[in-house]
Structure formats: C-alpha cells, structure tokens
>>> print(open('input_35.cif').read())   # mmCIF, C-alpha atoms
data_my_file
loop_
_atom_site.label_atom_id
_atom_site.label_comp_id
_atom_site.auth_asym_id
_atom_site.auth_seq_id
_atom_site.Cartn_x
_atom_site.Cartn_y
_atom_site.Cartn_z
CA MET A 1 7.27 22.66 117.51
CA SER A 2 3.73 22.25 118.79
CA THR A 3 3.05 21.24 122.35
CA ALA A 4 0.75 18.58 123.69
CA PRO A 5 -2.58 19.77 125.09
CA THR A 6 -2.59 20.09 128.85
CA ILE A 7 -4.37 17.36 130.77
CA ASP A 8 -5.05 18.79 134.19
CA LEU A 9 -7.69 18.77 136.91
CA ASP A 10 -9.66 21.56 135.21
CA LEU A 11 -9.95 19.52 132.01
CA ILE A 12 -10.91 16.34 133.86
CA THR A 13 -13.54 18.24 135.89
CA THR A 14 -14.99 19.72 132.70
CA LEU A 15 -15.08 16.28 131.06
CA TYR A 16 -16.88 14.77 134.06
CA THR A 17 -19.53 17.47 133.68
CA THR A 18 -19.75 17.29 129.89
CA HIS A 19 -20.08 13.49 129.71
CA ARG A 20 -21.91 12.92 133.02
CA ASP A 21 -24.90 11.06 131.59
CA ASP A 22 -22.92 8.90 129.17
CA LEU A 23 -20.41 8.05 131.89
CA ALA A 24 -23.22 7.00 134.27
CA ARG A 25 -24.62 4.72 131.55
CA VAL A 26 -21.17 3.16 130.92
CA ARG A 27 -20.61 2.66 134.67
CA ASP A 28 -23.88 0.69 134.81
CA GLN A 29 -22.92 -1.24 131.67
CA GLN A 30 -19.54 -2.15 133.18
CA ARG A 31 -21.12 -3.24 136.49
CA GLN A 32 -23.44 -5.58 134.59
CA HIS A 33 -20.52 -6.80 132.48
CA TYR A 34 -18.49 -7.58 135.60
CA ALA A 35 -21.39 -9.32 137.34
CA SER A 36 -22.11 -11.58 134.36
CA ALA A 37 -18.49 -12.40 133.40
CA GLU A 38 -17.86 -16.13 132.93
CA PRO A 39 -15.36 -17.10 134.03
CA ALA A 40 -15.09 -14.39 136.64
CA MET A 41 -12.53 -11.68 136.04
CA THR A 42 -10.54 -9.36 138.26
CA PRO A 43 -10.40 -5.85 136.78
CA GLN A 44 -6.86 -4.49 136.78
CA LEU A 45 -7.93 -0.90 136.14
CA ASP A 46 -9.52 0.93 139.08
CA ASP A 47 -12.74 2.90 138.66
CA LEU A 48 -11.15 6.35 138.58
CA GLU A 49 -8.52 5.40 136.01
CA ALA A 50 -11.15 3.68 133.87
CA GLU A 51 -13.44 6.71 133.99
CA ILE A 52 -10.67 9.19 133.21
CA THR A 53 -9.51 7.03 130.30
CA TYR A 54 -13.08 6.98 129.00
CA LEU A 55 -13.36 10.76 129.36
CA LEU A 56 -10.03 11.46 127.65
CA LEU A 57 -11.01 9.22 124.75
CA ARG A 58 -14.33 11.06 124.44
CA HIS A 59 -12.45 14.38 124.47
CA HIS A 60 -9.69 13.48 121.99
CA ARG A 61 -11.95 11.46 119.65
CA PRO A 62 -9.07 9.32 118.31
CA ALA A 63 -9.41 7.44 115.05
CA ASN A 64 -6.90 4.75 116.07
CA VAL A 65 -6.32 3.69 119.65
CA VAL A 66 -3.62 1.17 120.53
CA GLU A 67 -3.95 -0.83 123.74
CA ILE A 68 -1.00 -2.90 124.90
CA GLY A 69 -2.13 -5.41 127.50
CA THR A 70 -5.76 -6.50 127.69
CA TYR A 71 -5.78 -9.44 130.11
CA TYR A 72 -9.54 -10.01 130.61
CA GLY A 73 -10.61 -6.96 128.63
CA TRP A 74 -11.77 -4.63 131.40
CA SER A 75 -9.90 -1.62 130.02
CA THR A 76 -10.75 -2.83 126.51
CA SER A 77 -14.46 -2.57 127.32
CA TRP A 78 -14.06 0.95 128.70
CA ILE A 79 -12.07 2.04 125.64
CA LEU A 80 -14.56 0.48 123.23
CA SER A 81 -17.42 2.18 125.10
CA ALA A 82 -15.78 5.56 124.53
CA LEU A 83 -15.28 4.82 120.82
CA ARG A 84 -18.90 3.67 120.53
CA ASP A 85 -20.12 6.82 122.26
CA ASN A 86 -17.92 8.97 120.02
CA GLY A 87 -19.42 7.27 116.99
CA THR A 88 -15.96 6.78 115.54
CA GLY A 89 -12.60 5.14 116.16
CA HIS A 90 -10.96 1.72 116.09
CA LEU A 91 -9.10 -0.10 118.87
CA HIS A 92 -6.03 -2.21 118.10
CA SER A 93 -5.22 -4.40 121.14
CA PHE A 94 -2.14 -6.54 121.76
CA ASP A 95 -1.55 -9.16 124.44
CA ILE A 96 0.27 -12.44 124.91
CA VAL A 97 -2.96 -14.01 126.20
CA ASP A 98 -6.34 -13.90 124.49
CA HIS A 99 -8.65 -13.87 127.54
CA ALA A 100 -10.14 -10.56 126.39
CA THR A 101 -11.61 -12.11 123.26
CA ALA A 102 -13.91 -14.23 125.46
CA HIS A 103 -14.85 -11.35 127.79
CA VAL A 104 -15.35 -8.27 125.64
CA PRO A 105 -19.02 -7.98 124.69
CA THR A 106 -19.54 -8.47 120.97
CA THR A 107 -21.86 -5.46 120.94
CA LEU A 108 -18.86 -3.32 121.86
CA ALA A 109 -16.35 -5.08 119.64
CA ASP A 110 -18.47 -5.02 116.46
CA ASP A 111 -16.25 -3.66 113.70
CA ARG A 112 -14.28 -1.35 115.98
CA TRP A 113 -11.81 -3.83 117.54
CA THR A 114 -8.81 -5.74 116.25
CA PHE A 115 -7.08 -8.07 118.69
CA THR A 116 -3.57 -9.33 117.98
CA LYS A 117 -2.27 -12.17 120.14
CA GLY A 118 1.46 -12.19 120.79
CA ASP A 119 4.28 -10.13 122.21
CA VAL A 120 3.83 -6.57 120.96
CA ARG A 121 7.60 -6.26 120.63
CA ALA A 122 7.45 -8.86 117.86
CA LYS A 123 4.25 -7.36 116.42
CA ILE A 124 5.29 -3.70 116.36
CA THR A 125 4.71 -3.56 112.59
CA HIS A 126 1.00 -4.25 113.29
CA ILE A 127 0.66 -0.95 115.18
CA PRO A 128 -0.96 1.67 112.93
CA SER A 129 1.35 4.56 112.08
CA SER A 130 -1.73 6.77 112.41
CA THR A 131 -2.20 5.89 116.10
CA ASP A 132 -3.56 8.90 117.94
CA TYR A 133 -4.05 7.50 121.46
CA LEU A 134 -1.88 4.91 123.24
CA PHE A 135 -2.95 2.94 126.31
CA ILE A 136 -0.27 0.77 127.95
CA ASP A 137 -1.15 -1.81 130.60
CA ALA A 138 1.29 -4.65 130.02
CA ALA A 139 4.47 -5.69 131.81
CA HIS A 140 4.95 -3.35 134.77
CA ASN A 141 8.71 -3.29 134.92
CA GLY A 142 11.74 -1.32 133.81
CA TRP A 143 12.78 -3.39 130.80
CA PHE A 144 9.34 -3.07 129.18
CA ALA A 145 9.19 0.66 129.92
CA ARG A 146 12.62 1.09 128.32
CA TRP A 147 11.41 -0.87 125.28
CA TYR A 148 8.34 1.28 124.65
CA ILE A 149 10.19 4.53 125.36
CA HIS A 150 13.01 3.67 122.95
CA HIS A 151 11.26 1.53 120.32
CA LEU A 152 7.52 2.27 120.30
CA LEU A 153 7.06 5.94 121.18
CA PRO A 154 9.49 7.18 118.50
CA THR A 155 7.38 5.42 115.82
CA LEU A 156 4.18 7.24 116.79
CA PRO A 157 3.07 10.77 115.92
CA PRO A 158 4.36 13.38 118.37
CA HIS A 159 2.11 14.69 121.15
CA ILE A 160 -0.52 11.95 121.11
CA PRO A 161 -2.10 11.23 124.49
CA VAL A 162 -0.51 8.26 126.25
CA SER A 163 -1.97 6.50 129.28
CA VAL A 164 0.28 4.16 131.25
CA HIS A 165 -1.37 2.00 133.90
CA ASP A 166 0.79 1.36 137.00
#
>>> encode(input="input_35.cif", output="structure tokens")
Amino acid sequence: MSTAPTIDLDLITTLYTTHRDDLARVRDQQRQHYASAEPAMTPQLDDLEAEITYLLLRHHRPANVVEIGTYYGWSTSWILSALRDNGTGHLHSFDIVDHATAHVPTTLADDRWTFTKGDVRAKITHIPSSTDYLFIDAAHNGWFARWYIHHLLPTLPPHIPVSVHD
C-alpha cells in the first residue's frame, strides 16, 4: 500500500519560495477582486489558508479538483487561480446557494469550472471518480463530517490531498 505524500512545514516553506512571484500576483488579483465585489462579500477563508491551498494545488497539479461549499466564491477564485497558473485542471464546485456564480471572475472560470447547485449529498454521482484534490468548506458540523467520511471519501482514489476548512 502506498502512502500519501507528507505535507509539512518544510514542503510549505519550499512552495512559498518556489511560487513566490505567482503568489504575489494572485494576492494582488484577490485584493482587487474583493475590493470590486458587488454585492460585497465576506471571505470565509483566511489569507494563510487560501495561500497554502493555492500552493498545494500548484504542487500537486490536479486534473480534477472538487470543492464542496463555495458561498461567494472566495476559495473558488483561489483554486481557479492555481489551476490557471498550472495551465491545467478543472474545478467541480457544489453548493446549495449559487452566489459564487455571480462573484467568480469569468476570466478565471473560462472552461475550467463546473458549478453544480444543490446538496452534494444528493449530487454525489456528479463528483468525478478521477478527483485528485478535494476541498471541503461546507457545513461545519459533525453530521456532515460523518457523511463525507463514510460516503464521499471511500468513493475517491486513495491518498489524494484533502483540505477541510474549519
């Protein structure tokens, strides 16, 4: 059985160095995106978590990313920026609200984003079996965590990187 690659402080430090210039450009892009958002949005992902997510996506270069929970699309924009900068990859997002579709810049979404509105538990068949990065930022409670641990994770390839916000 293979083991998952280690994600530790050494890796994160290396990624900050490797992608320094791209990350600075995306930070500026996100600041402008936030300042011009109409209606205004409140990012749910803090700066450090957003940056580390971006860096891990750059490092792993996934072909299919699944994001559960978009709200206004702050994390969506960070994820799409990483895929754009990688020059490859597609994001499949799921949420019960579609606020993100009005907030994610079309220049980022292009042909690299599929948004599915609805409860992901009822849409689990829409999740690509070839998912190679999972980002979860939906219901922050025990019943939802039990659902994805017992029903979602077993359907995905073993050892893919998984980020869980909160």
>>> resolve_selection(input="input_35.cif", expression="the PyMOL selection byres ((chain A and resi 37-50) around 7)", output="list in words")
His33, Tyr34, Ala35, Ser36, Glu51, Ile52, Thr53, Tyr54, Tyr72, Trp74, Ser75, Trp78 and His103 of chain A
>>> write_last_selection(input="input_35.cif", atoms="C-alpha atoms", output="CSV table (one decimal), in the frame of the given file")
chain,number,residue,atom,x,y,z
A,33,HIS,CA,-20.5,-6.8,132.5
A,34,TYR,CA,-18.5,-7.6,135.6
A,35,ALA,CA,-21.4,-9.3,137.3
A,36,SER,CA,-22.1,-11.6,134.4
A,51,GLU,CA,-13.4,6.7,134.0
A,52,ILE,CA,-10.7,9.2,133.2
A,53,THR,CA,-9.5,7.0,130.3
A,54,TYR,CA,-13.1,7.0,129.0
A,72,TYR,CA,-9.5,-10.0,130.6
A,74,TRP,CA,-11.8,-4.6,131.4
A,75,SER,CA,-9.9,-1.6,130.0
A,78,TRP,CA,-14.1,1.0,128.7
A,103,HIS,CA,-14.8,-11.4,127.8
>>> resolve_selection(input="input_35.cif", expression="the PyMOL selection byres ((chain A and resi 71) around 8)", output="ChimeraX atom specification")
/A:69-70,72-74,95,97-100
>>> closest_residue(input="input_35.cif", among="A:Ala63, A:Phe144, A:Ser130, A:Ala139", to="Pro157 in chain A", atoms="only C-alpha atoms")
A:Ser130
>>> atom_distance(input="input_35.cif", atom1="CA of Lys123 in chain A", atom2="CA of Asn141 in chain A")
19.5 Å
>>> resolve_selection(input="input_35.cif", expression="the PyMOL selection byres ((chain A and resi 137) around 7)", output="PyMOL selection string")
chain A and resi 68-69+135-136+138-139+164-165
>>> residues_around(input="input_35.cif", residues="Thr155 in chain A", least_positions_apart="4", cutoff="12 Å", atoms="only C-alpha atoms", output="list of chain:residue names")
A:Ile124, A:Thr125, A:His126, A:Ile127, A:Pro128, A:Ser129, A:Ser130, A:Thr131, A:Asp132, A:Leu134, A:Tyr148, A:Ile149, A:His150, A:His151, A:His159, A:Ile160
>>> atom_distance(input="input_35.cif", atom1="CA of Leu91 in chain A", atom2="CA of Ala109 in chain A")
8.8 Å
>>> atom_distance(input="input_35.cif", atom1="CA of Val65 in chain A", atom2="CA of Arg146 in chain A")
21.0 Å
>>> residues_near_point(input="input_35.cif", point="(-5.3, 17.0, 133.3)", cutoff="12 Å", atoms="only C-alpha atoms", output="list of chain:residue names")
A:Ala4, A:Pro5, A:Thr6, A:Ile7, A:Asp8, A:Leu9, A:Asp10, A:Leu11, A:Ile12, A:Thr13, A:Thr14, A:Leu15, A:Tyr16, A:Ile52, A:Thr53, A:Leu55, A:Leu56, A:His59, A:Pro161, A:Ser163
>>> closest_residue(input="input_35.cif", among="A:Tyr133, A:Pro158, A:Arg58, A:Gly89", to="Thr18 in chain A", atoms="only C-alpha atoms")
A:Arg58
>>> closest_residue(input="input_35.cif", among="A:Arg121, A:Trp147, A:Asp22, A:Pro105", to="Asn86 in chain A", atoms="all atoms listed in the file")
A:Asp22
>>> closest_residue(input="input_35.cif", among="A:Thr17, A:Thr88, A:Ser93, A:Thr114", to="Glu67 in chain A", atoms="all atoms listed in the file")
A:Ser93
>>> build_atoms(input="input_35.cif", residues="range 120-155 of chain A", atoms="N, CA and C atoms", output="compact mmCIF listing (two decimals), in the frame of the given file")
# COMPACT_ATOMS: atom_id res chain seq x y z
N VAL A 120 3.89 -7.79 121.78
CA VAL A 120 3.83 -6.57 120.96
C VAL A 120 5.20 -6.20 120.42
N ARG A 121 6.25 -6.58 121.12
CA ARG A 121 7.60 -6.26 120.63
C ARG A 121 7.87 -6.96 119.31
N ALA A 122 7.29 -8.13 119.12
CA ALA A 122 7.45 -8.86 117.86
C ALA A 122 6.38 -8.47 116.84
N LYS A 123 5.38 -7.74 117.28
CA LYS A 123 4.25 -7.36 116.42
C LYS A 123 4.20 -5.86 116.18
N ILE A 124 5.29 -5.16 116.44
CA ILE A 124 5.29 -3.70 116.36
C ILE A 124 4.86 -3.20 114.98
N THR A 125 5.11 -3.99 113.94
CA THR A 125 4.71 -3.56 112.59
C THR A 125 3.19 -3.58 112.42
N HIS A 126 2.46 -4.23 113.35
CA HIS A 126 1.00 -4.25 113.29
C HIS A 126 0.36 -2.99 113.91
N ILE A 127 1.18 -2.17 114.55
CA ILE A 127 0.66 -0.95 115.18
C ILE A 127 0.48 0.11 114.10
N PRO A 128 -0.73 0.66 113.98
CA PRO A 128 -0.96 1.67 112.93
C PRO A 128 -0.07 2.90 113.11
N SER A 129 0.51 3.35 112.02
CA SER A 129 1.35 4.56 112.08
C SER A 129 0.48 5.78 112.39
N SER A 130 -0.81 5.66 112.16
CA SER A 130 -1.73 6.77 112.41
C SER A 130 -2.35 6.69 113.81
N THR A 131 -1.71 5.98 114.73
CA THR A 131 -2.20 5.89 116.10
C THR A 131 -2.30 7.29 116.69
N ASP A 132 -3.44 7.58 117.32
CA ASP A 132 -3.56 8.90 117.94
C ASP A 132 -3.99 8.85 119.41
N TYR A 133 -3.91 7.66 120.01
CA TYR A 133 -4.05 7.50 121.46
C TYR A 133 -3.41 6.16 121.80
N LEU A 134 -2.57 6.13 122.83
CA LEU A 134 -1.88 4.91 123.24
C LEU A 134 -2.22 4.63 124.70
N PHE A 135 -2.63 3.39 124.96
CA PHE A 135 -2.95 2.94 126.31
C PHE A 135 -2.07 1.73 126.61
N ILE A 136 -1.20 1.84 127.61
CA ILE A 136 -0.27 0.77 127.95
C ILE A 136 -0.61 0.20 129.32
N ASP A 137 -0.88 -1.11 129.34
CA ASP A 137 -1.15 -1.81 130.60
C ASP A 137 -0.61 -3.24 130.45
N ALA A 138 0.68 -3.34 130.21
CA ALA A 138 1.29 -4.65 130.02
C ALA A 138 2.30 -4.90 131.14
N ALA A 139 3.45 -5.40 130.80
CA ALA A 139 4.47 -5.69 131.81
C ALA A 139 4.79 -4.41 132.60
N HIS A 140 4.75 -4.51 133.91
CA HIS A 140 4.95 -3.35 134.77
C HIS A 140 6.37 -3.38 135.34
N ASN A 141 7.32 -3.25 134.46
CA ASN A 141 8.71 -3.29 134.92
C ASN A 141 9.59 -2.40 134.04
N GLY A 142 10.82 -2.23 134.47
CA GLY A 142 11.74 -1.32 133.81
C GLY A 142 12.10 -1.71 132.39
N TRP A 143 12.34 -3.01 132.14
CA TRP A 143 12.78 -3.39 130.80
C TRP A 143 11.70 -3.12 129.77
N PHE A 144 10.41 -3.33 130.14
CA PHE A 144 9.34 -3.07 129.18
C PHE A 144 9.17 -1.57 128.97
N ALA A 145 9.27 -0.80 130.05
CA ALA A 145 9.19 0.66 129.92
C ALA A 145 10.31 1.19 129.02
N ARG A 146 11.52 0.67 129.20
CA ARG A 146 12.62 1.09 128.32
C ARG A 146 12.33 0.72 126.87
N TRP A 147 11.72 -0.46 126.65
CA TRP A 147 11.41 -0.87 125.28
C TRP A 147 10.44 0.12 124.64
N TYR A 148 9.31 0.41 125.32
CA TYR A 148 8.34 1.28 124.65
C TYR A 148 8.83 2.71 124.54
N ILE A 149 9.64 3.17 125.48
CA ILE A 149 10.19 4.53 125.36
C ILE A 149 11.15 4.62 124.18
N HIS A 150 11.98 3.60 124.00
CA HIS A 150 13.01 3.67 122.95
C HIS A 150 12.57 3.11 121.60
N HIS A 151 11.61 2.19 121.57
CA HIS A 151 11.26 1.53 120.32
C HIS A 151 9.85 1.82 119.82
N LEU A 152 8.90 2.03 120.72
CA LEU A 152 7.52 2.27 120.30
C LEU A 152 7.22 3.76 120.16
N LEU A 153 7.43 4.52 121.21
CA LEU A 153 7.06 5.94 121.18
C LEU A 153 7.67 6.70 120.00
N PRO A 154 8.93 6.45 119.65
CA PRO A 154 9.49 7.18 118.50
C PRO A 154 8.81 6.88 117.16
N THR A 155 8.06 5.78 117.08
CA THR A 155 7.38 5.42 115.82
C THR A 155 6.01 6.08 115.70
